[in-house]
Each structure stands twice: as C-alpha cells, then as structure tokens.
>>> print(open('run-v6.csv').read())   # CSV, N, CA and C atoms
chain,number,residue,atom,x,y,z
T,1,ILE,N,-23.6,-62.1,21.8
T,1,ILE,CA,-23.9,-63.5,22.3
T,1,ILE,C,-24.3,-63.5,23.7
T,2,LYS,N,-23.7,-62.7,24.5
T,2,LYS,CA,-24.1,-62.6,25.9
T,2,LYS,C,-25.5,-62.1,26.1
T,3,TRP,N,-25.9,-61.1,25.3
T,3,TRP,CA,-27.3,-60.6,25.3
T,3,TRP,C,-28.3,-61.7,24.8
T,4,ASN,N,-27.9,-62.4,23.8
T,4,ASN,CA,-28.8,-63.5,23.4
T,4,ASN,C,-29.0,-64.6,24.4
T,5,PHE,N,-27.9,-64.9,25.2
T,5,PHE,CA,-28.1,-65.9,26.3
T,5,PHE,C,-29.0,-65.3,27.4
T,6,ARG,N,-28.8,-64.0,27.6
T,6,ARG,CA,-29.7,-63.4,28.6
T,6,ARG,C,-31.2,-63.4,28.1
T,7,LYS,N,-31.4,-63.2,26.8
T,7,LYS,CA,-32.8,-63.3,26.3
T,7,LYS,C,-33.3,-64.7,26.5
T,8,ILE,N,-32.5,-65.7,26.3
T,8,ILE,CA,-32.9,-67.1,26.5
T,8,ILE,C,-33.3,-67.3,27.9
T,9,VAL,N,-32.5,-66.9,28.9
T,9,VAL,CA,-32.8,-67.0,30.3
T,9,VAL,C,-34.1,-66.3,30.6
T,10,ARG,N,-34.2,-65.0,30.1
T,10,ARG,CA,-35.4,-64.3,30.4
T,10,ARG,C,-36.7,-64.9,29.8
T,11,ARG,N,-36.6,-65.5,28.7
T,11,ARG,CA,-37.7,-66.1,28.0
T,11,ARG,C,-38.1,-67.4,28.8
T,12,CYS,N,-37.1,-68.1,29.3
T,12,CYS,CA,-37.5,-69.3,30.0
T,12,CYS,C,-38.0,-68.9,31.4
T,13,SER,N,-37.4,-67.9,32.1
T,13,SER,CA,-37.9,-67.6,33.4
T,13,SER,C,-39.3,-66.8,33.4
T,14,LYS,N,-39.6,-66.2,32.3
T,14,LYS,CA,-40.9,-65.5,32.2
T,14,LYS,C,-42.0,-66.5,31.7
T,15,ASN,N,-41.6,-67.7,31.4
T,15,ASN,CA,-42.6,-68.7,31.1
T,15,ASN,C,-43.4,-68.3,29.9
T,16,VAL,N,-42.8,-67.8,28.8
T,16,VAL,CA,-43.5,-67.4,27.6
T,16,VAL,C,-43.5,-68.4,26.5
T,17,ILE,N,-42.8,-69.5,26.8
T,17,ILE,CA,-42.7,-70.5,25.7
T,17,ILE,C,-43.7,-71.6,26.1
T,18,THR,N,-44.5,-72.0,25.1
T,18,THR,CA,-45.4,-73.1,25.3
T,18,THR,C,-44.8,-74.3,24.5
T,19,PHE,N,-44.8,-75.5,25.2
T,19,PHE,CA,-44.4,-76.7,24.5
T,19,PHE,C,-45.6,-77.5,24.2
T,20,LYS,N,-45.5,-78.1,23.0
T,20,LYS,CA,-46.6,-78.9,22.5
T,20,LYS,C,-46.0,-80.2,22.0
T,21,CYS,N,-46.6,-81.3,22.4
T,21,CYS,CA,-46.1,-82.6,21.8
T,21,CYS,C,-46.9,-82.9,20.5
T,22,ARG,N,-46.1,-83.3,19.5
T,22,ARG,CA,-46.8,-83.6,18.2
T,22,ARG,C,-46.2,-84.9,17.7
T,23,SER,N,-47.1,-85.6,17.0
T,23,SER,CA,-46.7,-86.8,16.3
T,23,SER,C,-47.0,-86.7,14.8
T,24,THR,N,-47.7,-85.6,14.5
T,24,THR,CA,-48.0,-85.3,13.0
T,24,THR,C,-47.7,-83.8,12.8
T,25,GLY,N,-47.9,-83.4,11.6
T,25,GLY,CA,-47.7,-82.0,11.3
T,25,GLY,C,-46.7,-81.8,10.2
T,26,GLU,N,-46.4,-80.6,9.9
T,26,GLU,CA,-45.5,-80.3,8.7
T,26,GLU,C,-44.1,-80.7,9.0
T,27,ILE,N,-43.6,-80.8,10.2
T,27,ILE,CA,-42.3,-81.3,10.5
T,27,ILE,C,-42.3,-82.7,11.2
T,28,CYS,N,-43.0,-82.7,12.3
T,28,CYS,CA,-42.9,-84.0,13.1
T,28,CYS,C,-43.4,-85.2,12.4
T,29,GLY,N,-44.4,-85.0,11.5
T,29,GLY,CA,-45.0,-86.2,10.8
T,29,GLY,C,-44.2,-86.7,9.7
T,30,PHE,N,-43.2,-85.9,9.2
T,30,PHE,CA,-42.6,-86.3,7.9
T,30,PHE,C,-41.1,-86.4,7.9
T,31,THR,N,-40.5,-86.0,9.0
T,31,THR,CA,-39.0,-86.0,9.1
T,31,THR,C,-38.6,-86.7,10.3
T,32,ASP,N,-37.3,-86.7,10.5
T,32,ASP,CA,-36.7,-87.3,11.8
T,32,ASP,C,-36.4,-86.2,12.8
T,33,ALA,N,-37.2,-85.1,12.8
T,33,ALA,CA,-36.9,-84.0,13.7
T,33,ALA,C,-37.3,-84.4,15.1
T,34,ARG,N,-36.6,-83.8,16.1
T,34,ARG,CA,-36.9,-83.9,17.5
T,34,ARG,C,-37.8,-82.9,18.0
T,35,ALA,N,-37.7,-81.7,17.4
T,35,ALA,CA,-38.5,-80.5,17.8
T,35,ALA,C,-38.3,-79.5,16.7
T,36,TRP,N,-39.3,-78.5,16.7
T,36,TRP,CA,-39.2,-77.4,15.8
T,36,TRP,C,-40.0,-76.2,16.3
T,37,THR,N,-39.7,-75.0,15.8
T,37,THR,CA,-40.4,-73.8,16.2
T,37,THR,C,-40.3,-72.8,15.1
T,38,ARG,N,-40.9,-71.7,15.3
T,38,ARG,CA,-40.8,-70.5,14.4
T,38,ARG,C,-40.4,-69.3,15.2
T,39,LEU,N,-39.9,-68.3,14.5
T,39,LEU,CA,-39.4,-67.1,15.2
T,39,LEU,C,-40.6,-66.2,15.7
T,40,SER,N,-40.7,-66.1,17.0
T,40,SER,CA,-41.7,-65.1,17.5
T,40,SER,C,-41.6,-65.1,19.0
T,41,TRP,N,-42.1,-64.0,19.6
T,41,TRP,CA,-42.0,-63.9,21.1
T,41,TRP,C,-42.8,-64.9,21.8
T,42,HIS,N,-44.0,-65.1,21.4
T,42,HIS,CA,-44.9,-66.0,22.1
T,42,HIS,C,-44.9,-67.3,21.3
T,43,ALA,N,-43.8,-67.9,21.3
T,43,ALA,CA,-43.6,-69.1,20.4
T,43,ALA,C,-44.0,-70.4,21.1
T,44,TRP,N,-44.4,-71.3,20.2
T,44,TRP,CA,-44.7,-72.7,20.6
T,44,TRP,C,-43.5,-73.5,20.1
T,45,ILE,N,-43.0,-74.3,20.9
T,45,ILE,CA,-42.0,-75.3,20.5
T,45,ILE,C,-42.7,-76.6,20.4
T,46,ARG,N,-42.7,-77.2,19.2
T,46,ARG,CA,-43.3,-78.5,19.0
T,46,ARG,C,-42.3,-79.5,19.3
T,47,VAL,N,-42.6,-80.4,20.2
T,47,VAL,CA,-41.7,-81.5,20.6
T,47,VAL,C,-42.2,-82.8,19.9
T,48,CYS,N,-41.4,-83.4,19.1
T,48,CYS,CA,-41.9,-84.5,18.3
T,48,CYS,C,-41.8,-85.8,19.1
T,49,LYS,N,-42.8,-86.7,18.9
T,49,LYS,CA,-42.8,-88.0,19.5
T,49,LYS,C,-43.1,-89.0,18.5
T,50,ASN,N,-42.6,-88.7,17.2
T,50,ASN,CA,-43.1,-89.5,16.1
T,50,ASN,C,-42.2,-90.7,15.7
T,51,ASN,N,-41.0,-90.7,16.1
T,51,ASN,CA,-40.1,-91.8,15.6
T,51,ASN,C,-38.9,-92.0,16.5
T,52,LYS,N,-38.0,-92.7,16.1
T,52,LYS,CA,-36.8,-93.1,16.9
T,52,LYS,C,-36.0,-91.9,17.4
T,53,LYS,N,-36.1,-90.8,16.6
T,53,LYS,CA,-35.3,-89.6,17.0
T,53,LYS,C,-36.1,-88.6,17.8
T,54,GLY,N,-37.4,-88.8,18.0
T,54,GLY,CA,-38.3,-87.9,18.7
T,54,GLY,C,-37.9,-87.9,20.2
T,55,LEU,N,-38.2,-86.8,20.9
T,55,LEU,CA,-37.8,-86.7,22.3
T,55,LEU,C,-38.7,-87.6,23.2
T,56,PHE,N,-39.9,-87.9,22.7
T,56,PHE,CA,-40.8,-88.8,23.5
T,56,PHE,C,-41.3,-90.0,22.6
T,57,ARG,N,-41.6,-91.1,23.3
T,57,ARG,CA,-42.2,-92.2,22.6
T,57,ARG,C,-43.6,-91.9,22.3
T,58,PRO,N,-44.2,-92.6,21.4
T,58,PRO,CA,-45.7,-92.3,21.1
T,58,PRO,C,-46.6,-92.3,22.3
T,59,ASN,N,-46.2,-93.1,23.3
T,59,ASN,CA,-47.1,-93.1,24.5
T,59,ASN,C,-46.8,-91.9,25.5
T,60,GLY,N,-45.8,-91.0,25.1
T,60,GLY,CA,-45.6,-89.8,25.9
T,60,GLY,C,-44.4,-90.0,26.9
T,61,THR,N,-43.8,-91.1,27.1
T,61,THR,CA,-42.7,-91.3,28.0
T,61,THR,C,-41.4,-90.8,27.3
T,62,PRO,N,-40.5,-90.2,28.1
T,62,PRO,CA,-39.2,-89.7,27.5
T,62,PRO,C,-38.4,-90.9,27.0
T,63,ARG,N,-37.6,-90.6,25.9
T,63,ARG,CA,-36.8,-91.7,25.3
T,63,ARG,C,-35.5,-91.9,26.2
T,64,GLY,N,-35.0,-90.9,26.9
T,64,GLY,CA,-33.9,-91.2,27.8
T,64,GLY,C,-32.6,-90.6,27.4
T,65,PHE,N,-32.4,-90.0,26.2
T,65,PHE,CA,-31.2,-89.3,25.9
T,65,PHE,C,-31.2,-87.8,26.4
T,66,PHE,N,-31.1,-87.6,27.7
T,66,PHE,CA,-31.4,-86.3,28.3
T,66,PHE,C,-30.4,-85.3,27.9
T,67,ASP,N,-29.1,-85.6,27.8
T,67,ASP,CA,-28.2,-84.6,27.4
T,67,ASP,C,-28.5,-84.0,26.0
T,68,GLU,N,-28.9,-84.9,25.1
T,68,GLU,CA,-29.3,-84.4,23.8
T,68,GLU,C,-30.6,-83.6,23.8
T,69,SER,N,-31.5,-84.1,24.7
T,69,SER,CA,-32.8,-83.4,24.8
T,69,SER,C,-32.7,-82.0,25.3
T,70,GLY,N,-31.8,-81.7,26.3
T,70,GLY,CA,-31.6,-80.4,26.7
T,70,GLY,C,-31.0,-79.5,25.6
T,71,GLY,N,-30.1,-80.1,24.9
T,71,GLY,CA,-29.5,-79.3,23.8
T,71,GLY,C,-30.5,-79.0,22.7
T,72,THR,N,-31.4,-79.9,22.4
T,72,THR,CA,-32.4,-79.7,21.4
T,72,THR,C,-33.3,-78.6,21.9
T,73,ILE,N,-33.7,-78.5,23.1
T,73,ILE,CA,-34.6,-77.5,23.6
T,73,ILE,C,-33.8,-76.1,23.6
T,74,LEU,N,-32.6,-76.1,24.0
T,74,LEU,CA,-31.8,-74.9,23.9
T,74,LEU,C,-31.7,-74.4,22.4
T,75,HIS,N,-31.5,-75.3,21.5
T,75,HIS,CA,-31.4,-75.0,20.1
T,75,HIS,C,-32.7,-74.3,19.7
T,76,GLU,N,-33.9,-74.9,20.0
T,76,GLU,CA,-35.2,-74.3,19.6
T,76,GLU,C,-35.5,-73.0,20.3
T,77,VAL,N,-35.1,-72.9,21.6
T,77,VAL,CA,-35.3,-71.6,22.3
T,77,VAL,C,-34.5,-70.5,21.6
T,78,SER,N,-33.3,-70.8,21.2
T,78,SER,CA,-32.4,-69.8,20.5
T,78,SER,C,-33.1,-69.3,19.2
T,79,HIS,N,-33.8,-70.1,18.5
T,79,HIS,CA,-34.6,-69.7,17.4
T,79,HIS,C,-35.6,-68.6,17.8
T,80,ASN,N,-36.2,-68.8,18.9
T,80,ASN,CA,-37.2,-67.9,19.4
T,80,ASN,C,-36.8,-66.5,19.7
T,81,ILE,N,-35.5,-66.3,20.1
T,81,ILE,CA,-35.2,-65.0,20.6
T,81,ILE,C,-34.8,-63.9,19.6
T,82,ASN,N,-34.4,-64.3,18.5
T,82,ASN,CA,-33.9,-63.3,17.5
T,82,ASN,C,-34.0,-64.0,16.1
T,83,ALA,N,-33.2,-63.4,15.2
T,83,ALA,CA,-33.1,-64.0,13.9
T,83,ALA,C,-32.0,-65.1,13.9
T,84,ILE,N,-31.9,-65.9,15.0
T,84,ILE,CA,-30.9,-67.0,15.0
T,84,ILE,C,-31.5,-68.1,14.3
T,85,GLY,N,-30.8,-68.5,13.2
T,85,GLY,CA,-31.3,-69.6,12.4
T,85,GLY,C,-30.4,-70.8,12.4
T,86,ASP,N,-30.5,-71.6,11.3
T,86,ASP,CA,-29.6,-72.7,11.1
T,86,ASP,C,-28.8,-72.3,9.9
T,87,LYS,N,-27.5,-72.0,10.2
T,87,LYS,CA,-26.6,-71.5,9.2
T,87,LYS,C,-25.9,-72.6,8.4
T,88,ARG,N,-25.3,-72.3,7.3
T,88,ARG,CA,-24.7,-73.3,6.5
T,88,ARG,C,-23.2,-73.0,6.4
T,89,LEU,N,-22.4,-74.1,6.2
T,89,LEU,CA,-21.0,-74.0,6.0
T,89,LEU,C,-20.7,-75.0,4.9
T,90,ASN,N,-20.1,-74.5,3.8
T,90,ASN,CA,-19.8,-75.3,2.7
T,90,ASN,C,-21.0,-76.0,2.1
T,91,GLY,N,-22.2,-75.3,2.2
T,91,GLY,CA,-23.4,-75.8,1.6
T,91,GLY,C,-24.2,-76.7,2.5
T,92,ALA,N,-23.7,-77.1,3.6
T,92,ALA,CA,-24.5,-78.0,4.5
T,92,ALA,C,-24.8,-77.3,5.8
T,93,LYS,N,-26.0,-77.6,6.3
T,93,LYS,CA,-26.4,-77.0,7.6
T,93,LYS,C,-25.4,-77.4,8.7
T,94,VAL,N,-25.1,-76.5,9.6
T,94,VAL,CA,-24.2,-76.7,10.6
T,94,VAL,C,-25.0,-77.4,11.8
T,95,ARG,N,-24.6,-78.7,12.0
T,95,ARG,CA,-25.2,-79.5,13.1
T,95,ARG,C,-24.1,-80.3,13.8
T,96,GLY,N,-24.2,-80.3,15.1
T,96,GLY,CA,-23.3,-81.1,15.9
T,96,GLY,C,-22.1,-80.3,16.3
T,97,LYS,N,-21.3,-80.9,17.2
T,97,LYS,CA,-20.2,-80.2,17.9
T,97,LYS,C,-19.1,-79.8,16.9
T,98,ASP,N,-18.7,-80.8,16.1
T,98,ASP,CA,-17.6,-80.5,15.2
T,98,ASP,C,-17.9,-79.4,14.2
T,99,ALA,N,-19.1,-79.5,13.6
T,99,ALA,CA,-19.5,-78.5,12.6
T,99,ALA,C,-19.6,-77.1,13.3
T,100,ALA,N,-20.2,-77.1,14.5
T,100,ALA,CA,-20.3,-75.8,15.2
T,100,ALA,C,-19.0,-75.2,15.5
T,101,ARG,N,-18.1,-76.0,15.9
T,101,ARG,CA,-16.7,-75.6,16.2
T,101,ARG,C,-16.0,-75.0,14.9
T,102,GLU,N,-16.2,-75.7,13.8
T,102,GLU,CA,-15.6,-75.3,12.6
T,102,GLU,C,-16.2,-73.9,12.1
T,103,LEU,N,-17.5,-73.8,12.2
T,103,LEU,CA,-18.1,-72.5,11.9
T,103,LEU,C,-17.6,-71.4,12.8
T,104,ALA,N,-17.5,-71.6,14.1
T,104,ALA,CA,-17.0,-70.6,15.0
T,104,ALA,C,-15.6,-70.2,14.7
T,105,SER,N,-14.7,-71.1,14.2
T,105,SER,CA,-13.4,-70.8,13.9
T,105,SER,C,-13.2,-70.1,12.6
T,106,ARG,N,-14.1,-70.5,11.6
T,106,ARG,CA,-13.9,-69.9,10.2
T,106,ARG,C,-14.8,-68.7,10.0
T,107,LYS,N,-16.0,-68.7,10.6
T,107,LYS,CA,-16.9,-67.6,10.4
T,107,LYS,C,-17.6,-67.2,11.7
T,108,PRO,N,-16.9,-66.6,12.6
T,108,PRO,CA,-17.4,-66.3,14.0
T,108,PRO,C,-18.7,-65.5,14.0
T,109,VAL,N,-18.8,-64.5,13.1
T,109,VAL,CA,-20.0,-63.7,13.1
T,109,VAL,C,-21.2,-64.6,12.7
T,110,ARG,N,-21.1,-65.4,11.7
T,110,ARG,CA,-22.1,-66.3,11.3
T,110,ARG,C,-22.5,-67.3,12.5
T,111,ALA,N,-21.4,-67.7,13.2
T,111,ALA,CA,-21.7,-68.7,14.3
T,111,ALA,C,-22.5,-68.0,15.4
T,112,SER,N,-22.3,-66.7,15.6
T,112,SER,CA,-23.1,-66.0,16.6
T,112,SER,C,-24.5,-65.9,16.3
T,113,TRP,N,-24.9,-66.3,15.1
T,113,TRP,CA,-26.3,-66.3,14.7
T,113,TRP,C,-26.8,-67.7,14.3
T,114,ASN,N,-26.1,-68.7,14.8
T,114,ASN,CA,-26.5,-70.1,14.5
T,114,ASN,C,-26.9,-70.8,15.7
T,115,ALA,N,-28.1,-71.4,15.6
T,115,ALA,CA,-28.7,-72.1,16.8
T,115,ALA,C,-27.9,-73.3,17.3
T,116,SER,N,-27.2,-74.0,16.4
T,116,SER,CA,-26.4,-75.1,16.8
T,116,SER,C,-25.2,-74.7,17.7
T,117,ASN,N,-24.7,-73.5,17.4
T,117,ASN,CA,-23.6,-73.0,18.2
T,117,ASN,C,-24.0,-72.6,19.6
T,118,TYR,N,-25.2,-72.1,19.8
T,118,TYR,CA,-25.8,-71.8,21.1
T,118,TYR,C,-26.0,-73.2,21.8
T,119,GLN,N,-26.5,-74.1,21.1
T,119,GLN,CA,-26.7,-75.5,21.7
T,119,GLN,C,-25.4,-76.1,22.2
T,120,GLN,N,-24.4,-76.1,21.4
T,120,GLN,CA,-23.1,-76.7,21.8
T,120,GLN,C,-22.5,-75.9,22.9
T,121,TYR,N,-22.6,-74.6,22.9
T,121,TYR,CA,-22.0,-73.8,24.0
T,121,TYR,C,-22.8,-74.1,25.3
T,122,GLY,N,-24.1,-74.1,25.2
T,122,GLY,CA,-24.9,-74.4,26.4
T,122,GLY,C,-24.6,-75.8,27.0
T,123,LEU,N,-24.4,-76.8,26.1
T,123,LEU,CA,-24.1,-78.1,26.6
T,123,LEU,C,-22.6,-78.2,27.2
T,124,SER,N,-21.8,-77.3,26.8
T,124,SER,CA,-20.4,-77.4,27.3
T,124,SER,C,-20.2,-76.7,28.6
T,125,ARG,N,-21.2,-76.1,29.1
T,125,ARG,CA,-21.1,-75.4,30.4
T,125,ARG,C,-21.6,-76.2,31.5
>>> encode(input="run-v6.csv", output="structure tokens")
Amino acid sequence: IKWNFRKIVRRCSKNVITFKCRSTGEICGFTDARAWTRLSWHAWIRVCKNNKKGLFRPNGTPRGFFDESGGTILHEVSHNINAIGDKRLNGAKVRGKDAARELASRKPVRASWNASNYQQYGLSR
C-alpha cells in the first residue's frame, strides 16, 4: 500500500496524467459518473460535466463539493498506477466509507487493490 501511494505521488508530481472534461462518451454521456479512466502509465482521466453528479457544470464551472472531488480524483489516479480496480463484496461494488471499511476488515488483501479504499484513506488524512 505504501508503494502504491508513492506511485500516486510520483505520477502526480511528474505531471503524466492528462485531465479531459467530457459531457459525452461511453461513460460520461450515459451514467451518473463523476470521472473515469483506464489502466495505463500515460493515462487520461475523463472528468464528467454531464449531470448533477459530474464534477463540473455544463458551462465548465466547478459544482462545489470539493471534498468529494478530491476523493474522486484520488480514486481515478489509483486506477492508473497498477491493477487497482473496483472490487466487490457480497456481489456489490465497494463504494463509500462504510463499504471500504467493511472490505478492509473482512478482506484486507482485496482492499489493498481497491480504488475506493485508497480514496477513503486519502480523504481521512
């Protein structure tokens, strides 16, 4: 976990992540996603401005829930550094503080490879 957080810091400090605002596309145009990405070193994080849950309004101004916005970006950056995915517990994707905490207590190894756990840990610091 420590090495993965170091990779997150390195990736952010080396400026290898490109952010793109999207209002359409395979994720932003059809779901209530705030952002999304794919696993790769030179990744693009697509930041959605499509709906009430997007990080930005359609005119490009921030929506204002900055604590959640930082967590969303940390979640997406964690996807970029390794095979850190969105894990499941009892058949449902682990999202939010309570689910991340439950995954960490019941399946700690799985939690170490779950983006929502990195998000919650980062927000707690």
>>> residues_around(input="run-v6.csv", residues="Lys87 (chain T)", least_positions_apart="5", cutoff="8 Å", atoms="only N, CA and C atoms", output="list in words")
Ala92, Lys93, Val94, Arg95, Arg110, Ala111, Trp113, Asn114, Ala115, Ser116 and Asn117 of chain T
>>> residues_around(input="run-v6.csv", residues="Trp36 (chain T)", least_positions_apart="5", cutoff="7 Å", atoms="only C-alpha atoms", output="PyMOL selection string")
chain T and resi 45-47+76
>>> atom_distance(input="run-v6.csv", atom1="CA of Ser124 (chain T)", atom2="CA of Phe56 (chain T)")
23.7 Å
>>> atom_distance(input="run-v6.csv", atom1="atom C of Cys48 (chain T)", atom2="CA of Trp3 (chain T)")
29.7 Å
>>> residues_around(input="run-v6.csv", residues="Asn82 (chain T)", least_positions_apart="4", cutoff="12 Å", atoms="only C-alpha atoms", output="compact mmCIF listing (two decimals) with N, CA and C atoms, in the coordinates of the input")
# COMPACT_ATOMS: atom_id res chain seq x y z
N ILE T 1 -23.60 -62.10 21.80
CA ILE T 1 -23.90 -63.50 22.30
C ILE T 1 -24.30 -63.50 23.70
N TRP T 3 -25.90 -61.10 25.30
CA TRP T 3 -27.30 -60.60 25.30
C TRP T 3 -28.30 -61.70 24.80
N ASN T 4 -27.90 -62.40 23.80
CA ASN T 4 -28.80 -63.50 23.40
C ASN T 4 -29.00 -64.60 24.40
N PHE T 5 -27.90 -64.90 25.20
CA PHE T 5 -28.10 -65.90 26.30
C PHE T 5 -29.00 -65.30 27.40
N ARG T 6 -28.80 -64.00 27.60
CA ARG T 6 -29.70 -63.40 28.60
C ARG T 6 -31.20 -63.40 28.10
N LYS T 7 -31.40 -63.20 26.80
CA LYS T 7 -32.80 -63.30 26.30
C LYS T 7 -33.30 -64.70 26.50
N ILE T 8 -32.50 -65.70 26.30
CA ILE T 8 -32.90 -67.10 26.50
C ILE T 8 -33.30 -67.30 27.90
N ARG T 11 -36.60 -65.50 28.70
CA ARG T 11 -37.70 -66.10 28.00
C ARG T 11 -38.10 -67.40 28.80
N ARG T 38 -40.90 -71.70 15.30
CA ARG T 38 -40.80 -70.50 14.40
C ARG T 38 -40.40 -69.30 15.20
N LEU T 39 -39.90 -68.30 14.50
CA LEU T 39 -39.40 -67.10 15.20
C LEU T 39 -40.60 -66.20 15.70
N SER T 40 -40.70 -66.10 17.00
CA SER T 40 -41.70 -65.10 17.50
C SER T 40 -41.60 -65.10 19.00
N TRP T 41 -42.10 -64.00 19.60
CA TRP T 41 -42.00 -63.90 21.10
C TRP T 41 -42.80 -64.90 21.80
N ALA T 43 -43.80 -67.90 21.30
CA ALA T 43 -43.60 -69.10 20.40
C ALA T 43 -44.00 -70.40 21.10
N GLU T 76 -33.90 -74.90 20.00
CA GLU T 76 -35.20 -74.30 19.60
C GLU T 76 -35.50 -73.00 20.30
N VAL T 77 -35.10 -72.90 21.60
CA VAL T 77 -35.30 -71.60 22.30
C VAL T 77 -34.50 -70.50 21.60
N SER T 78 -33.30 -70.80 21.20
CA SER T 78 -32.40 -69.80 20.50
C SER T 78 -33.10 -69.30 19.20
N SER T 112 -22.30 -66.70 15.60
CA SER T 112 -23.10 -66.00 16.60
C SER T 112 -24.50 -65.90 16.30
N TRP T 113 -24.90 -66.30 15.10
CA TRP T 113 -26.30 -66.30 14.70
C TRP T 113 -26.80 -67.70 14.30
N ASN T 114 -26.10 -68.70 14.80
CA ASN T 114 -26.50 -70.10 14.50
C ASN T 114 -26.90 -70.80 15.70
N ALA T 115 -28.10 -71.40 15.60
CA ALA T 115 -28.70 -72.10 16.80
C ALA T 115 -27.90 -73.30 17.30
>>> atom_distance(input="run-v6.csv", atom1="atom N of Lys49 (chain T)", atom2="atom N of Thr37 (chain T)")
12.5 Å
>>> select_by_dssp(input="run-v6.csv", residues="region 11-123 of chain T", states="strand (DSSP E)", output="short mmCIF file (atom, residue, chain, number, x, y, z; two decimals) with N, CA and C atoms, in the coordinates of the input")
data_model
loop_
_atom_site.label_atom_id
_atom_site.label_comp_id
_atom_site.auth_asym_id
_atom_site.auth_seq_id
_atom_site.Cartn_x
_atom_site.Cartn_y
_atom_site.Cartn_z
N THR T 18 -44.50 -72.00 25.10
CA THR T 18 -45.40 -73.10 25.30
C THR T 18 -44.80 -74.30 24.50
N PHE T 19 -44.80 -75.50 25.20
CA PHE T 19 -44.40 -76.70 24.50
C PHE T 19 -45.60 -77.50 24.20
N LYS T 20 -45.50 -78.10 23.00
CA LYS T 20 -46.60 -78.90 22.50
C LYS T 20 -46.00 -80.20 22.00
N CYS T 21 -46.60 -81.30 22.40
CA CYS T 21 -46.10 -82.60 21.80
C CYS T 21 -46.90 -82.90 20.50
N ARG T 22 -46.10 -83.30 19.50
CA ARG T 22 -46.80 -83.60 18.20
C ARG T 22 -46.20 -84.90 17.70
N ALA T 35 -37.70 -81.70 17.40
CA ALA T 35 -38.50 -80.50 17.80
C ALA T 35 -38.30 -79.50 16.70
N TRP T 36 -39.30 -78.50 16.70
CA TRP T 36 -39.20 -77.40 15.80
C TRP T 36 -40.00 -76.20 16.30
N TRP T 44 -44.40 -71.30 20.20
CA TRP T 44 -44.70 -72.70 20.60
C TRP T 44 -43.50 -73.50 20.10
N ILE T 45 -43.00 -74.30 20.90
CA ILE T 45 -42.00 -75.30 20.50
C ILE T 45 -42.70 -76.60 20.40
N ARG T 46 -42.70 -77.20 19.20
CA ARG T 46 -43.30 -78.50 19.00
C ARG T 46 -42.30 -79.50 19.30
N VAL T 47 -42.60 -80.40 20.20
CA VAL T 47 -41.70 -81.50 20.60
C VAL T 47 -42.20 -82.80 19.90
N CYS T 48 -41.40 -83.40 19.10
CA CYS T 48 -41.90 -84.50 18.30
C CYS T 48 -41.80 -85.80 19.10
N ARG T 88 -25.30 -72.30 7.30
CA ARG T 88 -24.70 -73.30 6.50
C ARG T 88 -23.20 -73.00 6.40
N LEU T 89 -22.40 -74.10 6.20
CA LEU T 89 -21.00 -74.00 6.00
C LEU T 89 -20.70 -75.00 4.90
N ALA T 92 -23.70 -77.10 3.60
CA ALA T 92 -24.50 -78.00 4.50
C ALA T 92 -24.80 -77.30 5.80
N LYS T 93 -26.00 -77.60 6.30
CA LYS T 93 -26.40 -77.00 7.60
C LYS T 93 -25.40 -77.40 8.70
#
>>> select_by_dssp(input="run-v6.csv", residues="chain T", states="helix (DSSP H, G or I)", output="number ranges by chain")
T: 2-13, 66-81, 96-106, 108-111, 115-124
>>> closest_residue(input="run-v6.csv", among="T:Val109, T:Gly71, T:Glu102, T:Gln119", to="Leu89 (chain T)", atoms="all atoms listed in the file")
T:Glu102
